[in-house]
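K.L.:
To start, I am sharing the structure in question, which I have written as structure tokens.
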Number of protein chains: 6
Amino acid sequence: MSTERIEAGLEKIKEYVSEEEAERMMTADALKGLAPDLRKYIVEFAYGEIYSRPGLDSKQRQLVTLASLVTQGATTQIQTHVKRALTVGLTRTEIVESIMQLIPYVGFPRVQTALTAAKEILEQEK
Amino acid sequence: MSTERIEAGLEKIKEYVSEEEAERMMTADALKGLAPDLRKYIVEFAYGEIYSRPGLDSKQRQLVTLASLVTQGATTQIQTHVKRALTVGLTRTEIVESIMQLIPYVGFPRVQTALTAAKEILEQEK
Amino acid sequence: MSTERIEAGLEKIKEYVSEEEAERMMTADALKGLAPDLRKYIVEFAYGEIYSRPGLDSKQRQLVTLASLVTQGATTQIQTHVKRALTVGLTRTEIVESIMQLIPYVGFPRVQTALTAAKEILEQEK
Amino acid sequence: MSTERIEAGLEKIKEYVSEEEAERMMTADALKGLAPDLRKYIVEFAYGEIYSRPGLDSKQRQLVTLASLVTQGATTQIQTHVKRALTVGLTRTEIVESIMQLIPYVGFPRVQTALTAAKEILEQEK
Amino acid sequence: MSTERIEAGLEKIKEYVSEEEAERMMTADALKGLAPDLRKYIVEFAYGEIYSRPGLDSKQRQLVTLASLVTQGATTQIQTHVKRALTVGLTRTEIVESIMQLIPYVGFPRVQTALTAAKEILEQEK
Amino acid sequence: MSTERIEAGLEKIKEYVSEEEAERMMTADALKGLAPDLRKYIVEFAYGEIYSRPGLDSKQRQLVTLASLVTQGATTQIQTHVKRALTVGLTRTEIVESIMQLIPYVGFPRVQTALTAAKEILEQEK
């Protein structure tokens with residue numbers, strides 16, 4: 001595990017999460033005991049490599065990610081990434097509209113499930 | 001079938017497809033004989049209603065749509081929407097990067113399938 | 001938003017939901033604040049357009065819908081549509097059998113998840 | 001492998017496939033060499049057990065099956081089961097409408113893919 | 001329902017579940033009232049036929065099954081099969097690693113969901 | 001791009017692919033022009049990191065991977081990984097049985113699609 005690479009990932013992740021969540025991510029990971037490397041791969045590979053690529057800004061990356069999670073019906077991760085979407089500066093409207101945009105592509109059930117998950121976060125953050 | 005609503009959809013769709021494809025869509029639909037209303041619903045509902053909503057611009061809508069199709073592995077529709085992405089002004093780089101961004105969320109197989117489909121279109125359009 | 005189209009949808013929806021649920025749907029929608037148009041599109045497009053097409057009766061539409069939701073593992077919506085299945089006159093047996101029929105097509109896990117969701121509704125409605 | 005059970009399955013399958021296809025299924029299975037028991041399980045378990053259950057008629061079973069395959073995007077199997085749908089007496093209209101009914105539940109891409117697959121069969125059978 | 005076949009299934013299932021769970025499976029099935037044959041098919045077909053095939057040992061079968069459930073995001077069944085994985089002698093490490101192995105193939109969200117589900121079981125069993 | 005990490009990945013990948021395929025992978029990648037880093041990530045991250053973890057042997061990793069691809073219906077990748085399964089020493093029988101094992105978990109259509117894809121490779125390799 002390269003210190004350099006994990007540092008690059010942590011630097012990048014700070015564009016997407018609040019100071020306190022960055023802290024919490026590294027210290028209070030619920031899966032730390034069972035799979036200590038999962039978080040490392042998310043930081044090093046997802047953030048240190050993929051999110052660090054040029055060509056898209058952080059708002060675009062967050063819209064793309066959210067759209068994939070809505071399509072998969074990944075409720076927990078939708079909530080995590082709605083928070084990150086707010087952190088990178090996407091508005092509440094942009095988040096809701098990017099979910100509504102998927103009605104013709106995934107149908108109403110996945111959109112309804114996603115909005116229900118997003119609502120919980122958006123109400124906390126108001 | 002309201003003339004007014006289909007007109008609104010056709011107006012909107014022209015932001016996403018070339019003149020000639022707009023023409024082709026309404027006259028040469030392969031499913032016209034079997035399911036004549038499918039195209040009507042895409043124009044009226046998807047474009048006339050959903051794409052016509054405020055809150056996201058056409059590039060954002062196209063990124064979100066493409067991310068959903070990559071996640072679903074919908075090869076034919078990935079090709080259609082890579083074309084539309086180019087028409088709304090997304091660059092070749094933005095298209096490829098929005099697919100690469102999904103590696104951590106859907107894994108390599110879906111990304112590889114999507115890039116293979118996208119490649120065919122991007123090479124024609126060069 | 002056309003009054004006429006929403007009326008057509010509401011008329012159609014009354015074949016699928018009880019009087020009190022129709023009432024509740026329009027007044028107590030949990031996503032009303034966040035995404036006020038979601039319900040409108042379900043009523044206008046799903047019920048006003050798609051369910052209003054000729055060629056299938058309401059029992060057939062409900063069987064097809066339920067089979068899709070079981071295949072997707074959409075638990076919340078399975079519960080909503082088991083209720084609608086009862087309202088259009090499908091029997092408890094037809095509902096359970098249409099889920100059992102999917103064992104060879106989706107495998108045991110999705111069927112087990114669907115029956116567990118359906119059970120909660122079928123026991124309330126007894 | 002019980003002769004009795006396979007006989008029950010073959011008896012049942014004759015409600016869903018033409019005489020010649022029943023013949024072909026048992027003699028010309030493309031996967032016979034690689035996985036000789038796959039066909040046996042389809043006949044014995046899917047047809048001999050599941051399709052043989054009381055509570056739904058063959059048209060209902062075929063609608064439910066088709067809806068699941070459309071939702072999965074299982075193109076080859078959609079074609080097989082459009083043929084079986086015709087054999088049990090579902091009309092061309094019922095088949096197309098049961099696919100159209102899924103627009104609000106799976107979105108346009110899966111419906112378009114399914115109609116394209118179904119079209120090939122429906123045109124041969126005209 | 002053949003006594004012989006159900007016996008074969010029950011015999012096989014005892015390799016995968018503890019004595020007490022085998023007992024509980026047949027007597028305390030939550031879906032017994034609604035769908036009494038679901039359990040029967042799992043025992044007779046899944047265990048009596050598929051798991052009874054030669055060519056793979058019980059550890060291999062359990063790894064393959066778990067990988068499919070992780071890919072589907074089938075949380076409840078992941079928990080059931082983590083227990084069975086332990087029963088057939090897969091170690092805690094092998095179970096966690098077989099989920100980690102799927103990061104490149106399904107992405108982080110499904111893996112995170114699976115590990116969260118697995119954790120609950122692995123902590124009880126320690 | 002660290003030379004060291006890509007070397008580790010290439011070393012690992014040689015357990016899974018023949019000499020000539022390893023060669024071809026690095027020189028004749030069809031997506032090289034469009035997305036030159038895709039292959040790099042597969043080598044560095046998938047093979048250099050994930051496959052290099054302790055706790056599972058190469059046969060187990062390959063079974064788990066194949067089961068995920070069958071569940072996703074990822075035809076092209078099923079073919080690639082059937083080849084790798086043979087390279088790591090899984091027998092033809094183990095490959096076919098690991099697909100058959102999934103009948104109760106994904107249903108017949110996905111299994112049939114996977115066996116059809118696998119067959120093409122297994123016949124070439126005989």
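Residues are referred to by chain and number: the chain letter is A, B, ... according to the order shown in the structure tokens, the number counts from 1 in that chain, and ligands are numbered separately from 1 in the order shown.
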Find the residues in chain D near chain C: any atom within 12 Å counts, using only C-alpha atoms. Write them as an NGL selection string.
P.N.:
:D and (38 or 41-74 or 77-78 or 81 or 90-107 or 110-111)
K.L.:
List the neighbours of Gln124 in chain C out to 12 Å using only C-alpha atoms; skip same-chain residues closer than 5 positions along the sequence, and give me the result as a PDB file with N, CA, C and O atoms, in the first residue's frame.
P.N.:
```
ATOM      1  N   GLN C  79     -45.637  -4.703  -3.342  1.00  0.00           N
ATOM      2  CA  GLN C  79     -46.739  -4.592  -2.371  1.00  0.00           C
ATOM      3  C   GLN C  79     -47.869  -3.713  -2.913  1.00  0.00           C
ATOM      4  O   GLN C  79     -49.045  -4.076  -2.830  1.00  0.00           O
ATOM      5  N   VAL C  82     -49.661  -5.784  -5.637  1.00  0.00           N
ATOM      6  CA  VAL C  82     -50.465  -6.907  -5.139  1.00  0.00           C
ATOM      7  C   VAL C  82     -51.846  -6.373  -4.719  1.00  0.00           C
ATOM      8  O   VAL C  82     -52.877  -6.988  -5.015  1.00  0.00           O
ATOM      9  N   LYS C  83     -51.845  -5.223  -4.085  1.00  0.00           N
ATOM     10  CA  LYS C  83     -53.134  -4.585  -3.738  1.00  0.00           C
ATOM     11  C   LYS C  83     -53.972  -4.297  -4.980  1.00  0.00           C
ATOM     12  O   LYS C  83     -55.171  -4.575  -5.017  1.00  0.00           O
ATOM     13  N   LEU C  86     -55.509  -7.381  -6.435  1.00  0.00           N
ATOM     14  CA  LEU C  86     -56.739  -7.783  -5.731  1.00  0.00           C
ATOM     15  C   LEU C  86     -57.906  -6.900  -6.163  1.00  0.00           C
ATOM     16  O   LEU C  86     -59.021  -7.386  -6.368  1.00  0.00           O
ATOM     17  N   ALA C 117     -42.769 -10.243   0.393  1.00  0.00           N
ATOM     18  CA  ALA C 117     -43.415  -8.927   0.278  1.00  0.00           C
ATOM     19  C   ALA C 117     -44.924  -9.071   0.079  1.00  0.00           C
ATOM     20  O   ALA C 117     -45.719  -8.363   0.712  1.00  0.00           O
ATOM     21  N   ALA C 118     -45.315  -9.981  -0.788  1.00  0.00           N
ATOM     22  CA  ALA C 118     -46.739 -10.176  -1.088  1.00  0.00           C
ATOM     23  C   ALA C 118     -47.510 -10.664   0.134  1.00  0.00           C
ATOM     24  O   ALA C 118     -48.660 -10.262   0.367  1.00  0.00           O
ATOM     25  N   LYS C 119     -46.851 -11.506   0.900  1.00  0.00           N
ATOM     26  CA  LYS C 119     -47.492 -12.106   2.076  1.00  0.00           C
ATOM     27  C   LYS C 119     -48.048 -11.044   3.034  1.00  0.00           C
ATOM     28  O   LYS C 119     -49.175 -11.169   3.528  1.00  0.00           O
TER      29      LYS C 119
END
```
K.L.:
Out of chain C, which residues get alpha helix (DSSP H) from DSSP, as a ChimeraX atom specification?
P.N.:
/C:3-13,19-27,36-41,58-72,75-87,92-100,103-106,108-125
